[in-house]
Amino acid sequence: MRTPWLSTMAAVGWLGLVGCDALDVWRPPQPTAEEYARGLLVFYPGSSNLYVEGLGYYYGLKEAGIDMAIEIVPWSGFLTHQLFPENAQEEIRARAREEATRIADYIRSHPDCPVTLMTYSGGALMALETAAAMPPDAPVDRVIVLSPGLWTHFDLGPALDGTTQNVLYYWSPHERDLVEFVARNFGTADGHFMDAAASLGFSHEDPRLIEVIWTPEMAALGNNGGHLDYVLNFDFIKGVIAPWIITHRIGPEN
């Protein structure tokens, strides 16, 4: 019988023994001025906060023809919000406010360039809090969240208000065993110990919220609905995620 959380916990233990920095040997190429002039996509890793977690996203999106600047931005330490939960959420939110200021500066200097925030798992807190902190004159266009490691009742309203378009998220009922084990034993990124949105979806209702549920057809692209099926999955990233990247700034929805 498959017990995916056992292999995941073993991997976490191994990372702790060898040191996560030893495995984080990859860095994305520095975006060029020409890429920044075409737009910006910021990817926040999951709770590992390792650059290498974004490797599949970076090259999958580039192979799909996303020719704007792609940044991979770790937002905390390795599993910080789970291993050291005291004050972790407030520290992440403070980091998100700093990130919102940085991105707003880019938007003001590139007013015609699209901006998408994208993330995976526990990084959902960072991406959504960054969107929520965007100033009214410099919203991002879209936030894309894969397998959100947040409570299902997380309030998405402030993040939605920080976009010109919407928040889009993917979830899968096949993630339930793993993400509920992690949530009940270590907590979601926003500090709850039950009902993770990765396996249940968000309860929030808003016309600006786009929900994409795993379907069996995604298995042809290597995604069987598991929590780790988004990582290093070039075909899924190219075929399913890339089309949602906003490549031209189109203004607020009517």
# chains A, B, ... in the order shown; residues from 1 in each chain; ligands from 1

$ closest_atom_pairs --of "stretch 94-167 of chain A" --to "stretch 23-45 of chain A" --cutoff "12 Å" --atoms "only C-alpha atoms" --output "CSV"
residue,atom,partner,partner_atom,distance
A:Ala96,CA,A:Tyr44,CA,10.8
A:Glu99,CA,A:Val42,CA,10.3
A:Ala100,CA,A:Val42,CA,11.3
A:Arg102,CA,A:Val42,CA,11.4
A:Ile103,CA,A:Leu40,CA,9.1
A:Ala104,CA,A:Leu40,CA,11.5
A:Tyr106,CA,A:Leu40,CA,8.7
A:Ile107,CA,A:Leu40,CA,9.1
A:Ser109,CA,A:Ala37,CA,9.7
A:His110,CA,A:Ala37,CA,7.0
A:Pro111,CA,A:Gly39,CA,9.7
A:Asp112,CA,A:Gly39,CA,8.3
A:Cys113,CA,A:Gly39,CA,4.5
A:Pro114,CA,A:Gly39,CA,4.9
A:Val115,CA,A:Leu40,CA,4.9
A:Thr116,CA,A:Leu41,CA,4.8
A:Leu117,CA,A:Val42,CA,4.9
A:Met118,CA,A:Phe43,CA,4.8
A:Thr119,CA,A:Tyr44,CA,4.8
A:Tyr120,CA,A:Pro45,CA,6.0
A:Ser121,CA,A:Pro45,CA,7.9
A:Gly122,CA,A:Pro45,CA,7.9
A:Gly123,CA,A:Pro45,CA,5.6
A:Ala124,CA,A:Tyr44,CA,7.9
A:Leu125,CA,A:Tyr44,CA,9.6
A:Met126,CA,A:Tyr44,CA,7.3
A:Ala127,CA,A:Tyr44,CA,6.8
A:Leu128,CA,A:Tyr44,CA,10.4
A:Glu129,CA,A:Tyr44,CA,11.7
A:Thr130,CA,A:Tyr44,CA,10.5
A:Ala131,CA,A:Val42,CA,11.5
A:Val140,CA,A:Leu40,CA,9.7
A:Asp141,CA,A:Leu41,CA,10.2
A:Arg142,CA,A:Leu41,CA,9.8
A:Val143,CA,A:Val42,CA,9.6
A:Ile144,CA,A:Phe43,CA,9.3
A:Val145,CA,A:Tyr44,CA,9.7
A:Leu146,CA,A:Pro45,CA,10.5
A:Ser147,CA,A:Pro45,CA,11.8
A:Pro148,CA,A:Pro45,CA,11.5
A:Gly149,CA,A:Pro45,CA,11.6

$ select_by_dssp --residues "stretch 6-240 of chain A" --states "alpha helix (DSSP H)" --output "PyMOL selection string"
chain A and resi 6-18+20-23+33-36+55-63+80-83+88-109+124-132+157-161+176-186+197-200+234-236

$ residues_around --residues "A:Phe193" --least-positions-apart "6" --cutoff "9 Å" --atoms "only C-alpha atoms" --output "list in words"
Trp151, Glu180, Val182, Ala183, Arg184, Asn185, Phe186 and Gly187 of chain A

$ residues_around --residues "A:Asp206" --least-positions-apart "4" --cutoff "10 Å" --atoms "only C-alpha atoms" --output "PyMOL selection string"
chain A and resi 156-157+160+166-167+210

$ select_by_dssp --residues "stretch 29-252 of chain A" --states "strand (DSSP E)" --output "PyMOL selection string"
chain A and resi 40-44+69-72+115-120+140-146+163-171+209-213

$ closest_atom_pairs --of "stretch 28-128 of chain A" --to "stretch 225-235 of chain A" --cutoff "9 Å" --atoms "only C-alpha atoms" --output "tab-separated table"
residue	atom	partner	partner_atom	distance
A:Glu53	CA	A:Val231	CA	6.7
A:Gly54	CA	A:Val231	CA	7.7
A:Leu55	CA	A:Leu232	CA	6.7
A:Gly56	CA	A:Leu232	CA	4.0
A:Tyr57	CA	A:Leu232	CA	7.0
A:Tyr59	CA	A:Phe234	CA	7.4
A:Gly60	CA	A:Phe234	CA	4.7
A:Leu61	CA	A:Phe234	CA	8.1
A:Glu63	CA	A:Phe234	CA	8.6
A:Tyr120	CA	A:Tyr230	CA	8.1
A:Ser121	CA	A:His227	CA	8.1

$ residues_around --residues "A:Ser172" --least-positions-apart "2" --cutoff "6 Å" --atoms "only C-alpha atoms" --output "short mmCIF file (atom, residue, chain, number, x, y, z; two decimals) with C-alpha atoms, in the first residue's frame"
data_model
loop_
_atom_site.label_atom_id
_atom_site.label_comp_id
_atom_site.auth_asym_id
_atom_site.auth_seq_id
_atom_site.Cartn_x
_atom_site.Cartn_y
_atom_site.Cartn_z
CA HIS A 174 -5.82 12.62 -3.90
CA GLU A 175 -3.61 14.76 -1.68
CA SER A 199 -7.00 18.50 -0.68
CA ILE A 213 -9.50 20.61 -9.64
CA TRP A 214 -7.30 17.66 -10.59
CA GLY A 225 -3.02 14.21 -8.12
#

$ closest_residue --among "A:Ile241, A:Met134, A:His248, A:Leu150" --to "A:Glu98" --atoms "only C-alpha atoms"
A:Met134

$ atom_distance --atom1 "atom CA of A:Thr101" --atom2 "atom CA of A:Ser48"
23.9 Å

$ decode --residues "stretch 210-237 of chain A" --atoms "N, CA and C atoms" --output "compact mmCIF listing (two decimals), in the first residue's frame"
# COMPACT_ATOMS: atom_id res chain seq x y z
N ILE A 210 -10.60 31.54 -9.27
CA ILE A 210 -10.70 30.46 -10.25
C ILE A 210 -10.20 29.18 -9.61
N GLU A 211 -11.03 28.17 -9.61
CA GLU A 211 -10.70 26.88 -9.00
C GLU A 211 -10.44 25.86 -10.10
N VAL A 212 -9.29 25.20 -10.05
CA VAL A 212 -8.96 24.13 -10.99
C VAL A 212 -8.73 22.85 -10.19
N ILE A 213 -9.58 21.87 -10.37
CA ILE A 213 -9.50 20.61 -9.64
C ILE A 213 -8.79 19.57 -10.50
N TRP A 214 -7.98 18.74 -9.87
CA TRP A 214 -7.30 17.66 -10.59
C TRP A 214 -8.31 16.79 -11.33
N THR A 215 -7.95 16.42 -12.55
CA THR A 215 -8.77 15.50 -13.34
C THR A 215 -7.90 14.35 -13.81
N PRO A 216 -8.49 13.19 -14.09
CA PRO A 216 -7.70 12.04 -14.56
C PRO A 216 -6.90 12.33 -15.82
N GLU A 217 -7.37 13.26 -16.64
CA GLU A 217 -6.64 13.59 -17.86
C GLU A 217 -5.25 14.15 -17.57
N MET A 218 -5.08 14.75 -16.38
CA MET A 218 -3.78 15.32 -16.03
C MET A 218 -2.72 14.24 -15.83
N ALA A 219 -3.16 12.98 -15.61
CA ALA A 219 -2.20 11.89 -15.42
C ALA A 219 -1.34 11.69 -16.66
N ALA A 220 -1.88 12.03 -17.83
CA ALA A 220 -1.11 11.90 -19.06
C ALA A 220 0.08 12.86 -19.06
N LEU A 221 0.02 13.90 -18.23
CA LEU A 221 1.11 14.86 -18.10
C LEU A 221 1.93 14.61 -16.84
N GLY A 222 1.78 13.43 -16.26
CA GLY A 222 2.60 13.06 -15.11
C GLY A 222 2.07 13.53 -13.77
N ASN A 223 0.86 14.10 -13.75
CA ASN A 223 0.29 14.55 -12.48
C ASN A 223 -0.83 13.59 -12.10
N ASN A 224 -0.58 12.74 -11.11
CA ASN A 224 -1.56 11.79 -10.63
C ASN A 224 -2.35 12.31 -9.44
N GLY A 225 -2.25 13.60 -9.19
CA GLY A 225 -3.02 14.21 -8.12
C GLY A 225 -2.33 14.23 -6.78
N GLY A 226 -1.07 13.80 -6.71
CA GLY A 226 -0.32 13.81 -5.47
C GLY A 226 0.35 15.14 -5.20
N HIS A 227 0.72 15.37 -3.95
CA HIS A 227 1.26 16.67 -3.56
C HIS A 227 2.59 16.98 -4.25
N LEU A 228 3.37 15.97 -4.56
CA LEU A 228 4.68 16.20 -5.18
C LEU A 228 4.63 16.14 -6.69
N ASP A 229 3.45 15.95 -7.27
CA ASP A 229 3.35 15.79 -8.72
C ASP A 229 3.47 17.10 -9.48
N TYR A 230 3.59 18.23 -8.75
CA TYR A 230 3.79 19.52 -9.40
C TYR A 230 5.27 19.87 -9.55
N VAL A 231 6.12 19.17 -8.81
CA VAL A 231 7.54 19.53 -8.74
C VAL A 231 8.32 18.78 -9.81
N LEU A 232 9.15 19.51 -10.57
CA LEU A 232 9.97 18.94 -11.64
C LEU A 232 9.13 18.24 -12.70
N ASN A 233 7.90 18.68 -12.86
CA ASN A 233 7.01 18.09 -13.85
C ASN A 233 6.90 19.05 -15.03
N PHE A 234 7.85 18.96 -15.95
CA PHE A 234 7.92 19.90 -17.07
C PHE A 234 6.67 19.86 -17.93
N ASP A 235 6.17 18.66 -18.23
CA ASP A 235 5.02 18.55 -19.12
C ASP A 235 3.78 19.20 -18.53
N PHE A 236 3.54 18.96 -17.24
CA PHE A 236 2.37 19.56 -16.59
C PHE A 236 2.52 21.07 -16.53
N ILE A 237 3.70 21.54 -16.21
CA ILE A 237 3.92 22.98 -16.11
C ILE A 237 3.72 23.65 -17.47
